[in-house]
Structures are given as C-alpha cells and as structure tokens.
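In what follows, a single structure is set out as structure tokens and then discussed.
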Amino acid sequence: MPTVPDDDELELIRRSGVVLRVGRLSLSAGTGSYRVKASMARIAHALGIDRHEAHVTLTEITTTSHSGPSFRTEVTEVRTIGVNVDRLTELERLAGRVDAAGRLTPEEVTAELDRIADKPPLYPVLLNALWAAIACAAFSFLNSGGIIEIVGVVVGAFLGQALRRTLLHRGFNQFGVTMLSATVACLGYLGFVWLLQAAGVGGVGHEAGYVSAVLFLVPGFPLVTGFLDLAKLDFSAGIARLVHALMILTSAALALWAVSLVVGLTPDPPVAPALDPGVLLALRFVASFVGVLGFALMFNSPWRIALAAASVGMVANVLRIQLVEGTVPPQAAAAVAALVVGLLAAVITPRLDVPRITVYVPAVTIMVPGVLAYRAVFQMSNGNTVEALAFGVEAALVVAALAIGLAIARMLTDRTWAYER
C-alpha cells in the first residue's frame, strides 16, 4: 500500500514547489539558464532546503531538492517563450530581499510570486508596437536609410509588432506569427513608399529599405543568452536557445524572401544620404540611443532600465561603427563594443539594483547583424550559395564576437564566471 508522507516530507514538497515556480517565471521571462539556476538556489536556501540542484533547458526545468534524508525531484515545462525585463527585475529583487531576510516561509514567497505573475505588461499593445517602430527606424538610419525609409520603417514595424504582440498573447504558434508579422511589416513599408510615389512625393528607389522594417524580429535575447549559456558550459540550454533564435530568424527571412520574390526586390542597402561627418557622428549617437531605448521598452523594461541600457548602447555602438570604418574587422569591433557594454553594465546595474542582462542585452541587440542574416537566407533561397555563406558566416562571427565580449566582461567582474566550481 502507498506510503503516506510525514510532515517533513510534506513541507519539502511545498518548498520545492515554490522554488520550481521561481524557475518557471524566470525561464518564461527570457533569462539564461545560469540565471534561472541562481534564482532558484537563492530561494531554496532561504526556504531551508539543504541542497538544490537543477537542470534547465529552453523549455524545461528538472529540479531536485534535498532536506535531511528526504529529497524530491520535479519536472516542469514552459511553453511560452518570451522576454519580460520587468519580471526579471522583480524576481531579482525578490531574491535580494530573500537574501537580506534570511529564512522565509513558503507562504511569504508564494504571495510575492503571485504579485509578480499577475503584474500586467508595462505598455499596452499599441505603445509596445511604437517602441518597436522607433527601434527599427533608428536601425534604418544606421543602415544608410534616409527620411523616407525611416518613416516607412516606422509604419511597417508598427503594424508588424502590433500584430505579433496580439497573436502571441493569444497563444498562436511563434514561428507562424513571426512569418506573418514579417510579411505585414514588409508590405506596410512598401505600401507607404508606393503611396508616396503615386502621390509624386519622394521620387523612386526607396524600396530597398524594407529589410529594416522587420528588424524588431531579431531574437536578441535568445542569441545572447544562448552564447552565454555555452560560456557557462551549459550546452543543452545554450544550443537549444541558439536553435530557437535561428528558427526565428529563418522564419522572418523566409517571409521577407517571399515578399521580395512577389514584388521583385532584393534586400540590398539603400544609398546612404550625403551628410557632413560631424552631423553624421551626432546622428549616429542619437540613433543608437533611440534604437536601444526602443528595444529595451519593447522588452517591457521600466524607463530607468531602458535609459541606462540606451546610454550604454549608444557609447558602445558608435564606438563599433567608428572601429569598422577605421578598417577594424567587424567581428573584432563587435567584441570590443560588447566588452565595453559588459563593463559599463557591471558598474551601472548594482546601483539600479537590477540584473545585468536587463541592460546589456538591449544594448547589444542593436549590434546584432539582422540585415546580414536576412540577406543570407534570401540568397540561400535563391540558390546563391556562395553569397549566402558569405553573409551567413559574417553574421555568425559578429554575433559570436558580441557574446565573447560580454562573457569576458563577466569573467573580469564576476567571480562566479571567472572560476568553475
């Protein structure tokens, strides 16, 4: 006959369940597996669990909690993959309060978790779409777009992100939503440009900027956290995140290719407007700041975190652009810029009492070569293997360099990264 758990075992079941819920909320908010494990370990210690072990992948968590001679193993699955910086910040602060308070009861932690889980997004759908549109518009300028391209990107990205946010919150398949959103963003941009041409405004030749309208789909969080998981030797989580990011990029790029095929366009960069070097440098600072700010707010960041990320990203991205124009290889420039982001984040985030990931991921997202990745898939779909490999390898090297720069910064400023124990 089945054994009835005693009081100690029942208490372990309650505590283990609370710790697992912390992990679920952290994982669903988009953080890396190393951060999920750290959050669960801190809560487990505060709840009096003697030893806590966890295995975290992109969508699953397996934990074992030990208390005296008893242990409990649990498995959970997280089907909703997204990014919620506000939730990550709340969970980090909860862990900090737990560390300061010492031992807590499961009821106290559960009450806080209920509050965090029930907290609505900081920005409604239309405002979230506006942040994405602003970020993509900044991307458009940095990708040599003029005023018509920038305004067209605002229109296309706004429509695409509004649709994406609405469908994802209703539980539709993420890859299907990505393809549909990319299609809507492209058509929104092209529709705006064609309307201007029909009205005799702006001339012709502005169609080439449509790639920037889909850059809100660049999976910055999974790309960066995936490489950082690999740097922490967590291969199962790291590889899964990178595969997920690659599938998102491919889904968006295939939609872009299909639109290009129908309307007869190629994702080549537009002709850069002629600007005075001093003006161009100033506008790059502005565009970098605004672009990172838009991405941070799109990731549901509170304003003070978004402004911090934008300040860090502005400095690092302009430095990267100047290095590339000074004949430094793009991947080397990206590594240096990411190192600067990581070091600045290490100084700023303790003062804001927020996780570093909430600052450095938006700051490096604007450096992710989304245009190169989309061109690689476009050329591959057209059978141009050599061109596709050239674009794809360059994009992969830049993304890897960004992760390497961030990882080096963590090793220099965080003992848990410098030593493997």
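Ligands are numbered from 1 in the order shown, residues from 1 within each chain, and chains are lettered A, B, ... in the order they appear in the structure tokens.
Proximity to segment 108-124 of chain A at 9 Å, evaluated using only C-alpha atoms and with sequence-adjacent residues fewer than 3 positions away removed, yields A:Val18, A:Arg21, A:Val22, A:Leu25, A:Ile43, A:Leu47, A:Asn84, A:Asp86, A:Arg87, A:Glu90, A:Leu91, A:Leu94, A:Val98, A:Leu104, A:Thr105, A:Leu127, A:Asn128, A:Ala129, A:Leu297, A:Met298, A:Asn300, A:Ser301, A:Pro302.
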Name the residues in contact with Gly291 of chain A at a cut-off of 7 Å, using only C-alpha atoms, excluding same-chain residues fewer than 3 positions from it; report them as a ChimeraX atom specification.
/A:134-136,138-139,287-288,294-295,366
Hey, which bits of segment 148-234 of chain A sit within 8 Å of segment 401-419 of chain A, and for each residue what's the closest pair of atoms and how far apart in Å (one decimal), counting only C-alpha atoms, rows by chain and increasing number, as CSV?
```
residue,atom,partner,partner_atom,distance
A:Val224,CA,A:Ala403,CA,5.9
A:Phe227,CA,A:Ala403,CA,5.8
A:Leu228,CA,A:Ala403,CA,6.4
A:Ala231,CA,A:Ala407,CA,6.8
A:Lys232,CA,A:Trp417,CA,7.4
```
Backbone-only DSSP, alpha helix (DSSP H) members of segment 9-96 of chain A, as a ChimeraX atom specification
/A:9-28,33-46,85-96
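Among the candidate residues A:Val83, A:Ala258, A:Ala245, A:Ala237, the one lying nearest to His55 of chain A is A:Ala237, with distances computed using only C-alpha atoms.
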Would you pick out the contacts of Arg320 of chain A at 12 Å or less, using only C-alpha atoms, so that residues sharing its chain but fewer than 5 positions from it are not included, and give the list as an MDAnalysis selection string?
chainID A and resid 142 284:285 288 313:315 325:341 364 366:368 398 401:402
N, CA and C atoms of the current selection, written as a short mmCIF file (atom, residue, chain, number, x, y, z; two decimals), in the first residue's frame:
```
data_model
loop_
_atom_site.label_atom_id
_atom_site.label_comp_id
_atom_site.auth_asym_id
_atom_site.auth_seq_id
_atom_site.Cartn_x
_atom_site.Cartn_y
_atom_site.Cartn_z
N LEU A 142 20.89 53.84 -39.26
CA LEU A 142 22.22 53.26 -39.14
C LEU A 142 22.55 52.36 -40.32
N ARG A 284 24.45 59.49 -35.42
CA ARG A 284 24.69 58.10 -35.01
C ARG A 284 24.53 57.94 -33.51
N PHE A 285 25.00 58.92 -32.75
CA PHE A 285 24.78 58.86 -31.30
C PHE A 285 23.29 58.86 -30.99
N SER A 288 21.62 55.54 -32.16
CA SER A 288 22.00 54.42 -31.30
C SER A 288 21.26 54.48 -29.97
N GLY A 313 24.44 51.47 -24.62
CA GLY A 313 24.45 51.04 -26.02
C GLY A 313 24.86 52.13 -26.97
N MET A 314 24.49 53.37 -26.68
CA MET A 314 24.86 54.49 -27.54
C MET A 314 26.38 54.60 -27.64
N VAL A 315 27.06 54.59 -26.51
CA VAL A 315 28.52 54.72 -26.50
C VAL A 315 29.16 53.55 -27.24
N GLU A 325 34.69 51.50 -39.57
CA GLU A 325 35.09 52.45 -40.60
C GLU A 325 36.58 52.74 -40.58
N GLY A 326 37.23 52.42 -39.45
CA GLY A 326 38.68 52.55 -39.35
C GLY A 326 39.41 51.29 -39.75
N THR A 327 38.75 50.43 -40.51
CA THR A 327 39.31 49.19 -41.08
C THR A 327 39.51 48.07 -40.05
N VAL A 328 38.93 48.19 -38.86
CA VAL A 328 38.95 47.07 -37.91
C VAL A 328 37.92 46.04 -38.39
N PRO A 329 38.26 44.74 -38.38
CA PRO A 329 37.28 43.72 -38.81
C PRO A 329 35.99 43.83 -38.00
N PRO A 330 34.83 43.62 -38.64
CA PRO A 330 33.54 43.79 -37.93
C PRO A 330 33.42 42.95 -36.67
N GLN A 331 33.91 41.71 -36.70
CA GLN A 331 33.78 40.87 -35.52
C GLN A 331 34.67 41.35 -34.37
N ALA A 332 35.85 41.90 -34.70
CA ALA A 332 36.70 42.46 -33.66
C ALA A 332 36.08 43.71 -33.05
N ALA A 333 35.52 44.55 -33.91
CA ALA A 333 34.83 45.75 -33.42
C ALA A 333 33.65 45.39 -32.53
N ALA A 334 32.91 44.34 -32.93
CA ALA A 334 31.77 43.91 -32.13
C ALA A 334 32.21 43.40 -30.77
N ALA A 335 33.31 42.66 -30.73
CA ALA A 335 33.80 42.13 -29.45
C ALA A 335 34.22 43.27 -28.51
N VAL A 336 34.91 44.27 -29.06
CA VAL A 336 35.32 45.41 -28.24
C VAL A 336 34.10 46.16 -27.72
N ALA A 337 33.12 46.39 -28.60
CA ALA A 337 31.91 47.11 -28.18
C ALA A 337 31.16 46.35 -27.11
N ALA A 338 31.04 45.03 -27.27
CA ALA A 338 30.33 44.23 -26.27
C ALA A 338 31.09 44.21 -24.94
N LEU A 339 32.42 44.21 -25.01
CA LEU A 339 33.21 44.28 -23.78
C LEU A 339 32.94 45.59 -23.05
N VAL A 340 32.85 46.68 -23.80
CA VAL A 340 32.53 47.97 -23.19
C VAL A 340 31.14 47.93 -22.56
N VAL A 341 30.18 47.33 -23.27
CA VAL A 341 28.82 47.21 -22.72
C VAL A 341 28.84 46.42 -21.41
N VAL A 364 23.24 45.44 -26.77
CA VAL A 364 23.94 44.76 -27.87
C VAL A 364 22.98 44.31 -28.98
N ILE A 366 21.12 46.07 -30.80
CA ILE A 366 21.24 46.95 -31.95
C ILE A 366 22.49 46.63 -32.78
N MET A 367 23.42 45.87 -32.19
CA MET A 367 24.64 45.48 -32.91
C MET A 367 24.49 44.14 -33.62
N VAL A 368 23.41 43.40 -33.34
CA VAL A 368 23.19 42.11 -33.99
C VAL A 368 22.95 42.36 -35.48
N VAL A 398 29.97 37.91 -36.10
CA VAL A 398 29.68 39.12 -35.34
C VAL A 398 28.88 38.78 -34.08
N ALA A 401 31.12 37.15 -31.62
CA ALA A 401 32.02 38.15 -31.04
C ALA A 401 31.32 38.97 -29.97
N LEU A 402 30.04 39.32 -30.20
CA LEU A 402 29.29 40.04 -29.18
C LEU A 402 29.21 39.23 -27.90
#
```
Hey, what's within 10 Å of Thr178 of chain A if we count only C-alpha atoms and toss same-chain stuff fewer than 6 positions away? As a ChimeraX atom specification, please?
/A:160-161,163-164,167-168,184,214,217,247-253,255
Give me the residues within 12 Å of Val151 of chain A as a PyMOL selection string, counting only C-alpha atoms and dropping any in the same chain fewer than 5 places off.
chain A and resi 133-141+145-146+156-158+188-193+196+202+206+209-210+212-213
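When only C-alpha atoms are used to measure the gap to Val259 of chain A, the shortest distance among A:Thr59, A:Thr183, A:Thr225, A:Thr166 belongs to A:Thr183.
Atom CA of Ala363 of chain A lies 6.4 Å from atom CA of Val312 of chain A.
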Name the residues in contact with Gln379 of chain A at a cut-off of 10 Å, using only C-alpha atoms, excluding same-chain residues fewer than 3 positions from it; report them as number ranges by chain.
A: 257, 266-267, 374-376, 382-392
